[in-house]
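Text of model-v1.cif, listed as mmCIF, C-alpha atoms and all ligand atoms:
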```cif
data_coords
#
loop_
_atom_site.label_atom_id
_atom_site.label_comp_id
_atom_site.auth_asym_id
_atom_site.auth_seq_id
_atom_site.Cartn_x
_atom_site.Cartn_y
_atom_site.Cartn_z
CA MET P 1 -41.90 28.04 3.25
CA GLY P 2 -42.20 26.44 6.67
CA ARG P 3 -39.23 26.09 8.99
CA ASN P 4 -39.87 22.38 9.10
CA TYR P 5 -39.29 22.01 5.36
CA ILE P 6 -35.98 23.87 5.52
CA LEU P 7 -34.84 21.62 8.36
CA LYS P 8 -35.96 18.47 6.53
CA ALA P 9 -34.22 19.58 3.32
CA TYR P 10 -31.05 20.31 5.27
CA LEU P 11 -31.09 16.92 7.00
CA CYS P 12 -31.73 15.00 3.78
CA THR P 13 -29.05 16.86 1.81
CA VAL P 14 -26.40 16.42 4.49
CA GLY P 15 -27.28 12.74 5.02
CA LEU P 16 -27.21 11.83 1.33
CA LEU P 17 -24.06 13.85 0.67
CA ALA P 18 -22.32 12.16 3.60
CA ALA P 19 -23.36 8.73 2.28
CA VAL P 20 -21.96 9.48 -1.20
CA ILE P 21 -18.66 10.82 0.22
CA THR P 22 -18.43 7.75 2.50
CA TYR P 23 -18.83 5.43 -0.47
CA ARG P 24 -16.27 7.29 -2.61
CA LEU P 25 -13.74 7.41 0.25
CA GLY P 26 -14.40 3.76 1.11
CA LEU P 27 -13.52 2.68 -2.41
CA ILE P 28 -9.96 4.03 -2.12
CA THR P 29 -9.29 2.09 1.10
CA THR P 30 -8.51 -1.57 1.71
CA ASN P 31 -11.54 -3.53 2.87
CA SER P 32 -12.45 -7.13 3.43
CA PHE P 33 -15.85 -8.57 4.16
CA ASN P 34 -16.04 -11.10 6.96
CA ILE P 35 -18.92 -12.89 8.68
CA ASP P 36 -17.71 -11.38 12.01
CA LEU P 37 -19.26 -8.10 10.89
CA PHE P 38 -22.71 -9.48 11.75
CA PHE P 39 -21.57 -10.00 15.34
CA PHE P 40 -20.33 -6.42 15.48
CA ILE P 41 -23.66 -5.11 14.15
CA VAL P 42 -25.57 -7.17 16.74
CA LEU P 43 -23.33 -5.91 19.57
CA LEU P 44 -23.78 -2.31 18.41
CA LEU P 45 -27.54 -2.74 18.18
CA ALA P 46 -27.59 -4.22 21.68
CA ASN P 47 -25.51 -1.30 22.91
CA ASN P 48 -27.91 1.25 21.43
CA ARG P 49 -31.17 -0.52 22.15
CA ARG P 50 -32.59 2.45 23.99
CA SER P 51 -31.55 6.07 24.03
CA ILE P 52 -31.60 6.44 27.80
CA GLN P 53 -28.68 4.07 28.16
CA THR P 54 -26.20 6.34 26.40
CA GLU P 55 -27.24 9.14 28.69
CA SER P 56 -26.89 7.34 31.96
CA GLY P 57 -23.75 5.46 30.96
CA THR P 58 -20.32 6.98 31.41
CA PHE P 59 -19.48 6.70 27.74
CA SER P 60 -20.77 4.96 24.67
CA LEU P 61 -19.26 1.70 23.45
CA ASN P 62 -19.85 2.58 19.81
CA TYR P 63 -16.33 3.67 18.97
CA PRO P 64 -14.65 0.85 20.93
CA LEU P 65 -16.76 -1.70 19.03
CA LEU P 66 -16.01 -0.07 15.68
CA LEU P 67 -12.25 0.10 16.14
CA PRO P 68 -11.53 -3.61 15.45
CA VAL P 69 -13.69 -3.34 12.32
CA MET P 70 -11.78 -0.27 11.12
CA ALA P 71 -8.47 -1.99 11.82
CA PHE P 72 -9.14 -5.47 10.41
CA HIS P 73 -11.93 -5.11 7.88
CA GLY P 74 -11.35 -1.58 6.57
CA PRO P 75 -13.01 1.84 6.78
CA LEU P 76 -15.84 1.08 4.33
CA MET P 77 -16.87 -2.02 6.31
CA ALA P 78 -16.70 0.07 9.49
CA ALA P 79 -18.97 2.66 7.84
CA ILE P 80 -21.53 0.02 6.85
CA THR P 81 -21.35 -1.60 10.30
CA ALA P 82 -21.81 1.80 11.96
CA ALA P 83 -24.71 2.81 9.72
CA LEU P 84 -26.54 -0.44 10.48
CA GLY P 85 -25.52 -0.91 14.11
CA VAL P 86 -25.27 2.54 15.71
CA ILE P 87 -29.01 3.09 15.72
CA GLU P 88 -31.40 3.52 18.59
CA LEU P 89 -34.74 1.77 18.37
CA ASP P 90 -36.39 5.12 19.15
CA GLU P 91 -34.92 6.49 15.94
CA PHE P 92 -37.35 4.47 13.84
CA LYS P 93 -40.09 6.73 15.18
CA ASP P 94 -38.27 9.81 13.84
CA PRO P 95 -39.15 11.38 10.48
CA LEU P 96 -37.28 9.98 7.47
CA PRO P 97 -34.95 13.02 7.03
CA VAL P 98 -33.63 12.52 10.57
CA ILE P 99 -32.89 8.86 9.85
CA VAL P 100 -31.18 9.73 6.52
CA HIS P 101 -29.08 12.41 8.24
CA ASN P 102 -28.03 10.18 11.12
CA ARG P 103 -27.21 7.13 8.95
CA GLY P 104 -25.20 9.19 6.46
CA THR P 105 -23.21 11.15 9.02
CA ILE P 106 -22.47 8.15 11.25
CA ALA P 107 -21.14 6.28 8.18
CA LEU P 108 -18.96 9.25 7.21
CA SER P 109 -17.60 9.52 10.80
CA ALA P 110 -16.70 5.81 10.75
CA VAL P 111 -15.05 5.88 7.32
CA LEU P 112 -12.97 8.92 8.30
CA GLY P 113 -12.09 7.37 11.67
CA GLY P 114 -11.01 4.20 9.88
CA MET P 115 -8.92 6.07 7.32
CA VAL P 116 -7.18 8.06 10.05
CA PHE P 117 -6.49 4.83 11.95
CA GLN P 118 -5.00 3.09 8.90
CA THR P 119 -2.81 6.07 7.94
CA VAL P 120 -1.54 6.95 11.43
CA ASN P 121 -1.04 3.30 12.39
CA THR P 122 1.42 2.66 9.58
CA GLN P 123 3.37 5.88 10.21
CA HIS P 124 3.23 6.55 13.97
CA GLY P 125 2.10 3.36 15.65
CA PHE P 126 -0.99 2.00 17.34
CA THR P 127 -1.44 4.33 20.36
CA LEU P 128 -1.48 7.53 18.36
CA ALA P 129 -3.64 5.89 15.70
CA VAL P 130 -6.34 4.94 18.23
CA ALA P 131 -6.33 8.42 19.80
CA ALA P 132 -6.51 10.16 16.42
CA SER P 133 -9.22 7.92 15.02
CA ALA P 134 -11.34 8.17 18.22
CA ALA P 135 -11.06 11.97 18.03
CA THR P 136 -12.01 11.90 14.34
CA TYR P 137 -14.98 9.58 14.81
CA LEU P 138 -16.39 11.39 17.85
CA GLY P 139 -15.50 14.83 16.50
CA VAL P 140 -17.06 14.42 13.05
CA ASN P 141 -20.10 12.71 14.47
CA ASN P 142 -20.72 15.48 16.98
CA LEU P 143 -19.98 18.23 14.50
CA PHE P 144 -22.85 17.09 12.29
CA PHE P 145 -25.10 16.70 15.28
CA MET P 146 -24.27 20.20 16.50
CA CYS P 147 -24.79 21.71 13.04
CA ALA P 148 -28.23 20.10 12.82
CA LYS P 149 -29.06 21.45 16.29
CA LEU P 150 -27.77 24.88 15.26
CA VAL P 151 -29.98 24.94 12.15
CA GLN P 152 -32.94 23.80 14.21
CA ARG P 153 -32.30 26.46 16.83
CA ALA P 154 -31.77 29.19 14.25
CA LEU P 155 -35.10 28.28 12.66
CA ALA P 156 -36.87 28.18 16.01
CA HIS P 157 -35.11 31.42 17.06
CA THR P 158 -33.93 29.97 20.33
CA ARG P 159 -30.46 29.91 21.68
CA ASP P 160 -29.02 27.52 24.15
CA GLY P 161 -25.34 26.83 24.72
CA PHE P 162 -24.11 23.63 23.12
CA LEU P 163 -20.59 24.16 24.39
CA ASN P 164 -21.61 21.90 27.24
CA ASP P 165 -22.41 19.06 24.83
CA LEU P 166 -19.00 19.48 23.24
CA LEU P 167 -17.32 19.31 26.64
CA GLU P 168 -19.26 16.17 27.51
CA THR P 169 -18.08 14.54 24.26
CA ALA P 170 -14.48 15.58 24.79
CA LYS P 171 -14.55 13.90 28.19
CA THR P 172 -15.55 10.59 26.61
CA LEU P 173 -12.58 10.65 24.24
CA ILE P 174 -9.99 9.00 26.50
CA PRO P 175 -12.25 6.22 27.87
CA SER P 176 -13.51 5.54 24.33
CA ALA P 177 -10.00 5.24 22.91
CA ALA P 178 -8.83 3.08 25.82
CA MET P 179 -11.83 0.79 25.56
CA GLY P 180 -11.28 0.60 21.81
CA ALA P 181 -7.74 -0.66 22.41
CA VAL P 182 -9.08 -3.30 24.83
CA PHE P 183 -11.60 -4.54 22.25
CA TYR P 184 -8.90 -4.47 19.54
CA TYR P 185 -6.61 -6.82 21.46
CA THR P 186 -9.50 -8.97 22.66
CA TYR P 187 -10.48 -9.42 19.01
CA ILE P 188 -6.91 -10.34 18.01
CA TYR P 189 -6.33 -12.86 20.80
CA PHE P 190 -9.80 -14.22 21.52
CA SER P 191 -11.65 -13.72 18.21
CA VAL P 192 -15.14 -12.27 17.97
CA TYR P 193 -16.43 -14.69 20.63
CA GLY P 194 -14.02 -13.24 23.18
CA LEU P 195 -15.30 -9.81 22.23
CA VAL P 196 -18.91 -10.85 22.86
CA LEU P 197 -17.90 -12.21 26.29
CA SER P 198 -16.03 -9.04 27.28
CA TYR P 199 -18.99 -6.98 26.12
CA LEU P 200 -21.34 -9.03 28.32
CA PHE P 201 -18.91 -8.53 31.20
CA LEU P 202 -19.06 -4.76 30.67
CA LEU P 203 -22.86 -4.84 30.61
CA ALA P 204 -22.85 -6.64 33.94
CA LEU P 205 -20.50 -3.98 35.34
CA ARG P 206 -22.70 -1.20 34.07
CA SER P 207 -25.75 -2.40 35.94
CA HIS P 208 -23.74 -3.01 39.10
CA THR P 209 -25.02 -1.42 42.30
CA LEU P 210 -22.07 0.95 42.40
CA PHE P 211 -23.36 2.58 39.24
CA GLY P 212 -26.89 2.42 40.62
CA LEU P 213 -25.79 4.44 43.63
CA LEU P 214 -24.64 7.24 41.39
CA ASP P 215 -27.90 7.21 39.49
CA THR P 216 -29.54 10.61 39.30
CA THR P 217 -32.95 9.40 40.39
CA TYR P 218 -31.43 8.07 43.54
CA ARG P 219 -29.54 11.32 44.11
CA ILE P 220 -32.69 13.39 43.69
CA ALA P 221 -34.43 11.24 46.30
CA LEU P 222 -31.44 11.74 48.59
CA ILE P 223 -31.46 15.51 48.07
CA LYS P 224 -35.21 15.69 48.66
CA SER P 225 -35.00 13.79 51.92
CA LEU P 226 -32.05 15.93 53.00
CA LEU P 227 -33.94 19.10 52.24
CA ARG P 228 -37.06 17.75 53.93
CA ALA P 229 -35.07 17.35 57.09
CA VAL P 230 -33.49 20.79 56.77
CA TRP P 231 -36.82 22.42 56.18
CA ALA P 232 -38.79 20.45 58.74
CA LYS P 233 -39.21 23.79 60.45
CA ASP P 234 -40.43 25.52 57.29
CA PRO P 235 -42.75 23.22 55.32
CA GLU P 236 -44.03 26.18 53.33
CA LEU P 237 -40.63 26.71 51.70
CA MET P 238 -40.25 23.01 50.97
CA GLN P 239 -43.64 22.88 49.26
CA HIS P 240 -42.68 25.97 47.27
CA MET P 241 -39.53 24.21 46.01
CA GLU P 242 -41.53 21.16 44.99
CA ARG P 243 -44.07 23.22 43.08
CA VAL P 244 -41.37 25.30 41.37
CA ALA P 245 -39.59 22.10 40.34
CA PHE P 246 -42.83 20.73 38.91
CA LEU P 247 -43.77 23.94 37.05
CA SER P 248 -40.24 24.49 35.69
CA GLY P 249 -40.12 20.90 34.48
CA GLU P 250 -43.39 21.38 32.59
CA ILE P 251 -42.07 24.55 30.90
CA ALA P 252 -38.68 23.00 30.13
CA ARG P 253 -40.39 20.09 28.41
CA GLN P 254 -41.79 22.59 25.88
CA TYR P 255 -38.22 23.66 25.14
CA GLY P 256 -37.28 20.09 24.21
CA TYR P 257 -34.94 19.54 27.17
CA SER P 258 -33.34 16.10 27.07
CA PRO P 259 -34.26 13.73 29.93
CA LEU P 260 -30.79 14.34 31.34
CA LYS P 261 -31.16 18.14 31.39
CA GLN P 262 -34.69 17.79 32.68
CA ARG P 263 -33.39 15.82 35.66
CA ALA P 264 -30.65 18.37 36.31
CA LEU P 265 -33.28 21.13 36.25
CA ASP P 266 -35.47 19.19 38.68
CA GLU P 267 -32.51 18.78 40.99
CA ALA P 268 -31.62 22.45 40.65
CA CYS P 269 -35.10 23.63 41.63
CA TYR P 270 -34.65 21.95 45.00
CA PHE P 271 -31.59 24.10 45.50
CA HIS P 272 -32.78 27.38 44.09
CA ASP P 273 -33.49 29.06 47.43
CA ILE P 274 -30.94 27.14 49.45
CA GLY P 275 -29.12 30.40 50.24
CA LYS P 276 -32.10 31.36 52.41
CA LEU P 277 -30.85 28.83 54.94
CA GLU P 278 -28.30 31.40 56.03
CA ILE P 279 -30.85 34.16 56.49
CA GLU P 280 -32.51 34.64 59.85
CA ASP P 281 -36.10 33.50 60.28
CA GLU P 282 -36.91 36.93 61.60
CA ILE P 283 -36.42 38.41 58.14
CA LEU P 284 -37.72 35.43 56.14
CA LYS P 285 -40.95 35.26 58.11
CA TRP P 286 -41.38 39.00 58.50
CA PRO P 287 -45.15 39.53 58.29
CA GLY P 288 -45.15 43.02 56.80
CA ARG P 289 -43.29 45.08 54.26
CA LEU P 290 -39.52 44.59 54.42
CA THR P 291 -37.25 47.50 55.30
CA GLN P 292 -34.53 48.44 52.82
CA ARG P 293 -31.92 46.72 54.98
CA GLN P 294 -33.95 43.54 55.35
CA PHE P 295 -34.48 43.42 51.61
CA GLU P 296 -30.75 43.88 51.00
CA THR P 297 -30.17 40.82 53.21
CA ILE P 298 -32.76 38.77 51.30
CA LYS P 299 -31.05 39.77 48.05
CA THR P 300 -27.88 37.98 49.14
CA HIS P 301 -29.54 34.52 49.01
CA PRO P 302 -28.63 33.68 45.37
CA GLU P 303 -24.93 34.27 45.99
CA ARG P 304 -25.03 32.47 49.34
CA GLY P 305 -26.76 29.57 47.57
CA ALA P 306 -24.13 29.46 44.81
CA ARG P 307 -21.38 29.25 47.44
CA PHE P 308 -23.29 26.52 49.25
CA ILE P 309 -23.64 24.26 46.20
CA GLU P 310 -19.95 24.63 45.40
CA GLU P 311 -19.27 22.65 48.54
CA ILE P 312 -21.44 19.66 47.69
CA PRO P 313 -20.34 16.93 45.27
CA ILE P 314 -22.60 17.42 42.26
CA PRO P 315 -21.52 15.88 38.93
CA LEU P 316 -20.01 18.48 36.62
CA ARG P 317 -22.73 18.14 33.98
CA ASN P 318 -25.42 19.09 36.51
CA ARG P 319 -23.34 21.64 38.37
CA LYS P 320 -23.59 24.35 35.72
CA ILE P 321 -27.35 24.19 35.34
CA ILE P 322 -27.82 24.13 39.14
CA ARG P 323 -25.48 27.08 39.60
CA ASN P 324 -27.26 29.04 36.85
CA ILE P 325 -30.60 28.55 38.55
CA VAL P 326 -29.43 29.24 42.09
CA LEU P 327 -27.50 32.35 41.10
CA TYR P 328 -29.70 33.90 38.43
CA HIS P 329 -33.31 33.06 39.31
CA HIS P 330 -33.92 36.63 40.53
CA GLU P 331 -32.45 38.34 37.47
CA ARG P 332 -35.00 40.31 35.48
CA TRP P 333 -35.51 40.40 31.72
CA ASP P 334 -35.07 44.23 31.80
CA GLY P 335 -31.79 43.95 33.71
CA LYS P 336 -33.14 45.38 36.98
CA GLY P 337 -32.89 42.12 38.91
CA TYR P 338 -30.26 40.82 41.32
CA PRO P 339 -27.49 39.85 42.02
CA MET P 340 -25.74 40.59 38.68
CA GLY P 341 -28.27 42.73 36.84
CA LEU P 342 -28.07 40.54 33.72
CA ALA P 343 -30.65 41.30 31.03
CA GLY P 344 -32.47 39.41 28.25
CA GLU P 345 -30.88 36.28 26.85
CA ARG P 346 -27.71 36.87 28.88
CA ILE P 347 -29.68 35.28 31.70
CA PRO P 348 -29.40 31.51 31.19
CA LEU P 349 -32.62 29.97 29.83
CA GLU P 350 -33.06 27.65 32.81
CA ALA P 351 -32.98 30.62 35.19
CA ARG P 352 -35.57 32.45 33.08
CA ILE P 353 -37.79 29.36 33.21
CA VAL P 354 -37.46 29.03 36.98
CA ALA P 355 -38.13 32.78 37.39
CA VAL P 356 -41.54 32.34 35.72
CA ALA P 357 -42.38 29.26 37.80
CA ASP P 358 -41.14 30.97 40.97
CA THR P 359 -43.17 34.13 40.31
CA TRP P 360 -46.30 32.15 39.51
CA ASP P 361 -46.03 30.08 42.65
CA ALA P 362 -45.27 33.12 44.82
CA MET P 363 -48.39 34.86 43.47
CA THR P 364 -50.77 31.92 43.78
CA SER P 365 -49.78 30.75 47.24
CA GLN P 366 -50.49 32.30 50.58
CA ARG P 367 -47.54 33.69 52.51
CA CYS P 368 -47.25 35.04 56.01
CA TYR P 369 -47.19 38.57 54.57
CA LYS P 370 -49.84 38.26 51.84
CA GLU P 371 -52.93 36.48 50.53
CA ALA P 372 -52.89 34.20 47.45
CA LEU P 373 -54.04 35.65 44.12
CA SER P 374 -56.81 33.95 42.17
CA THR P 375 -55.81 32.24 38.88
CA PRO P 376 -57.28 35.01 36.62
CA ASP P 377 -55.60 37.72 38.74
CA ALA P 378 -52.28 35.85 38.63
CA ILE P 379 -52.55 35.49 34.82
CA ALA P 380 -53.20 39.24 34.55
CA GLU P 381 -50.20 40.00 36.77
CA LEU P 382 -47.95 37.61 34.84
CA THR P 383 -49.00 39.28 31.57
CA ARG P 384 -48.28 42.68 33.11
CA VAL P 385 -44.67 41.79 33.99
CA ARG P 386 -44.13 39.94 30.68
CA GLY P 387 -41.16 41.60 28.99
CA THR P 388 -40.12 43.67 32.02
CA GLN P 389 -39.56 41.25 34.87
CA LEU P 390 -39.93 37.99 32.96
CA ASP P 391 -38.86 36.61 29.58
CA PRO P 392 -41.91 37.23 27.35
CA LYS P 393 -41.42 34.00 25.39
CA VAL P 394 -41.21 31.84 28.52
CA VAL P 395 -44.35 33.55 29.88
CA ASP P 396 -46.18 32.78 26.61
CA VAL P 397 -45.08 29.15 26.73
CA PHE P 398 -46.22 28.90 30.35
CA LEU P 399 -49.62 30.48 29.67
CA GLU P 400 -50.12 28.11 26.75
CA ILE P 401 -49.69 25.04 28.95
CA LEU P 402 -51.27 26.54 32.08
CA ASP P 403 -54.61 24.69 31.84
CA ASP P 404 -52.82 21.39 31.49
CA VAL P 405 -50.44 22.19 34.32
CA LEU P 406 -53.20 23.23 36.72
CA GLN P 407 -55.05 20.02 36.00
CA LYS P 408 -51.96 17.91 36.64
CA GLU P 409 -51.15 19.90 39.78
CA GLY P 410 -54.71 19.35 41.05
CA LYS P 411 -54.43 15.61 40.49
CA GLN P 412 -51.09 15.51 42.26
CA ALA P 413 -52.45 17.45 45.25
CA ASP P 414 -55.42 15.06 45.45
CA ALA P 415 -53.13 12.04 45.39
CA GLU P 416 -50.93 13.55 48.12
CA LEU P 417 -53.96 14.33 50.26
CA GLN P 418 -55.24 10.80 49.80
CA SER P 419 -51.94 9.20 50.77
CA LYS P 420 -51.73 11.50 53.82
CA GLU P 421 -55.25 10.49 54.86
CA GLN P 422 -54.37 6.83 54.42
CA TYR P 423 -51.27 7.34 56.50
CA THR P 424 -53.09 9.10 59.33
CA SER P 425 -55.86 6.53 59.47
CA ALA P 426 -53.32 3.70 59.43
CA SER P 427 -51.21 5.27 62.17
CA ARG P 428 -54.12 5.87 64.51
FE FE P 501 -35.20 32.98 45.48
#
```
For this file, write the structure as structure tokens.
Ligand SMILES: [Fe+2]
Amino acid sequence: MGRNYILKAYLCTVGLLAAVITYRLGLITTNSFNIDLFFFIVLLLANNRRSIQTESGTFSLNYPLLLPVMAFHGPLMAAITAALGVIELDEFKDPLPVIVHNRGTIALSAVLGGMVFQTVNTQHGFTLAVAASAATYLGVNNLFFMCAKLVQRALAHTRDGFLNDLLETAKTLIPSAAMGAVFYYTYIYFSVYGLVLSYLFLLALRSHTLFGLLDTTYRIALIKSLLRAVWAKDPELMQHMERVAFLSGEIARQYGYSPLKQRALDEACYFHDIGKLEIEDEILKWPGRLTQRQFETIKTHPERGARFIEEIPIPLRNRKIIRNIVLYHHERWDGKGYPMGLAGERIPLEARIVAVADTWDAMTSQRCYKEALSTPDAIAELTRVRGTQLDPKVVDVFLEILDDVLQKEGKQADAELQSKEQYTSASR
């Protein structure tokens, strides 16, 4: 039986089971239907209209919008509102089992969050009730999501830490609870219309320039221009970084990296050799074979790089992936790499990906100490070090997409050449 069928069966079973439990639990709670619920559903739909928004925003407004429903209309109503409103338009493109799973589990998270709110509110007061119900809603919701990811990863035989995801969710807990309280009181004092107005106000804040400044795309542009200036003296190294970023991104896409992780990886590639800044040109541009001592100096660049990035303000969620790449991109699959001598899957996946991209680019480009290899020779060499120097699976993935990548790279190079020609003719 295919892996896909097992995953689909799992998703359907969990989704349907969650829906049944939600309904049974909802029946034992106090609920009241009110026309306001339509407004809540519309606000939730507006909040989730595209997936990218939840990733670039600081936290999601789903829980804050559901809290007044839990408090005033009951857990079952909150579950129905959540199932209908907390949906991204992209989700309609997903296979049916994914939709069933997500609708069922989101409803169960809301009904449990609502029940916790009702119980704690009567016994311990509002503040504790909001905190507990936010933790329940976010916790249950993420637990199901993580389990589904775990099943998917187990079936695909890949491993990638999801502890990071959990940490990201935990960080949203306090702002979610606080925002929930704001919406709760807005709803009491200013009715649902007040809530719509405060939501619109928040939307306006979200798109404010201040948030735009922190936008990753902007930061990448900033980093690139910074590095361009730093490496004005060594354009070869700068081009190498750009190509490694491009190749790594193409490989990472095959591993289903989220747009957010993909951007962090892109950013990280521009830093991967940053430690070389501290190494003298004399060694870096040495035309012949390096002496043992020179090589020992070169080998310090990952640790120097890791120290360097600790000093620059990178958001926490990107910091780990950047550090992993800077520090571990010279580790080898067989454990004979540097600086730590990590082996196999103990080397973070992103570093294994960059290692393949880095090796490929080093082989196929001309350096002051060597000629470039032809594509067939480079493929042969990559296959030779598959399983010793490099992760065999990542090499396989790379070789599978190589034709595509070379084509894209060719197009990009042509476009760059064209724009350079335009620039030179215009500046004459
Ligand atoms: Fe390096």
So which residues are near ligand FE 501 (chain P), meaning at most 12 Å away with all atoms listed in the file counted, given back as a PyMOL selection string?
-> chain P and resi 237+240-241+244+269-277+279+284+298-306+325-331+337-339+351+354-359+361-362
10 Å contact set for Gly139 in chain P, all atoms listed in the file, chain neighbours under 6 positions out, as a PyMOL selection string = chain P and resi 109+113+133+145+166+169-170+173
Those residues with C-alpha atoms, as a compact mmCIF listing (two decimals), keeping the file's coordinate frame please?
```txt
# COMPACT_ATOMS: atom_id res chain seq x y z
CA SER P 109 -17.60 9.52 10.80
CA GLY P 113 -12.09 7.37 11.67
CA SER P 133 -9.22 7.92 15.02
CA PHE P 145 -25.10 16.70 15.28
CA LEU P 166 -19.00 19.48 23.24
CA THR P 169 -18.08 14.54 24.26
CA ALA P 170 -14.48 15.58 24.79
CA LEU P 173 -12.58 10.65 24.24
```
Could you check how far CA of Ile41 in chain P sits from CA of Thr13 in chain P, in Å to one decimal?
->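 If I compute the distance from CA of Ile41 in chain P to CA of Thr13 in chain P, I get 25.8 Å.
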Hey, which of P:Ala264, P:Arg253, P:Leu349, P:Glu242 ends up closest to Glu409 in chain P? Count all atoms listed in the file.
->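 Going through P:Ala264, P:Arg253, P:Leu349, P:Glu242 one by one, the smallest distance to Glu409 in chain P is for P:Glu242.
Distances to Ala110 in chain P were evaluated for P:Leu265, P:Ala132, P:Ile35, P:Met77 using only C-alpha atoms, and the minimum falls at P:Met77.
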Return the single residue from P:Asn324, P:Gln366, P:Thr383, P:Asn4 that is closest to Pro97 in chain P, with distances computed using all atoms listed in the file.
-> P:Asn4
Compare P:Ala268, P:Ile87, P:Met179, P:Leu45 by their minimum atom-to-atom distance to Leu195 in chain P, counting all atoms listed in the file, and give me the closest one.
->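 Ranking P:Ala268, P:Ile87, P:Met179, P:Leu45 by distance to Leu195 in chain P, first place goes to P:Met179.
Rounded to one decimal, CA of Val116 in chain P and CA of Leu25 in chain P lie 11.8 Å from each other.
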How would you write as a VMD selection string the residues that get within 6 Å of (-12.4, 1.6, 20.3) in the file's frame, counting only C-alpha atoms?
-> chain P and resid 63 to 65 67 176 to 177 179 to 181
Residues just named, written with C-alpha atoms as a short mmCIF file (atom, residue, chain, number, x, y, z; two decimals), keeping the file's coordinate frame:
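Dumped to part22.cif:
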```cif
data_model
loop_
_atom_site.label_atom_id
_atom_site.label_comp_id
_atom_site.auth_asym_id
_atom_site.auth_seq_id
_atom_site.Cartn_x
_atom_site.Cartn_y
_atom_site.Cartn_z
CA TYR P 63 -16.33 3.67 18.97
CA PRO P 64 -14.65 0.85 20.93
CA LEU P 65 -16.76 -1.70 19.03
CA LEU P 67 -12.25 0.10 16.14
CA SER P 176 -13.51 5.54 24.33
CA ALA P 177 -10.00 5.24 22.91
CA MET P 179 -11.83 0.79 25.56
CA GLY P 180 -11.28 0.60 21.81
CA ALA P 181 -7.74 -0.66 22.41
#
```
What gap, in Å, lies between CA of Gly387 in chain P and CA of Trp333 in chain P?
->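 About the pair CA of Gly387 in chain P and CA of Trp333 in chain P: they are 6.4 Å apart.
With all atoms listed in the file as the atoms that count, the minimum distance from Lys8 in chain P to the choices P:Leu203, P:Val395, P:Leu112, P:Ala148 is reached by P:Ala148.
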Counting all atoms listed in the file, what is within 10 Å of Asp36 in chain P, bar same-chain residues fewer than 6 positions away, as a PDB file with C-alpha atoms, in the frame of the given file?
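Contents of selection.pdb, as written:
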```pdb
ATOM      1  CA  VAL P  69     -13.690  -3.340  12.320  1.00  0.00           C
ATOM      2  CA  HIS P  73     -11.930  -5.110   7.880  1.00  0.00           C
ATOM      3  CA  SER P 191     -11.650 -13.720  18.210  1.00  0.00           C
ATOM      4  CA  VAL P 192     -15.140 -12.270  17.970  1.00  0.00           C
ATOM      5  CA  TYR P 193     -16.430 -14.690  20.630  1.00  0.00           C
TER       6      TYR P 193
END
```
Determine the nearest neighbour of Ile80 in chain P from the options P:Phe33, P:Leu96, P:Gln123, P:Glu278, counting all atoms listed in the file.
->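 Closest to Ile80 in chain P of all the choices is P:Phe33.
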Surrounding residues of Trp360 in chain P excluding itself and chain neighbours under 6 positions, 10 Å, all atoms listed in the file, as a VMD selection string | chain P and resid 243 to 244 247 354 373 375 378 to 379 381 to 382 395 398
Any idea what's packed within 12 Å of Cys147 in chain P, counting only C-alpha atoms, ignoring anything in its chain fewer than 2 positions away? Could you give it as number ranges by chain?
-> P: 7, 10-11, 14, 101, 105, 140-145, 149-154, 162, 166
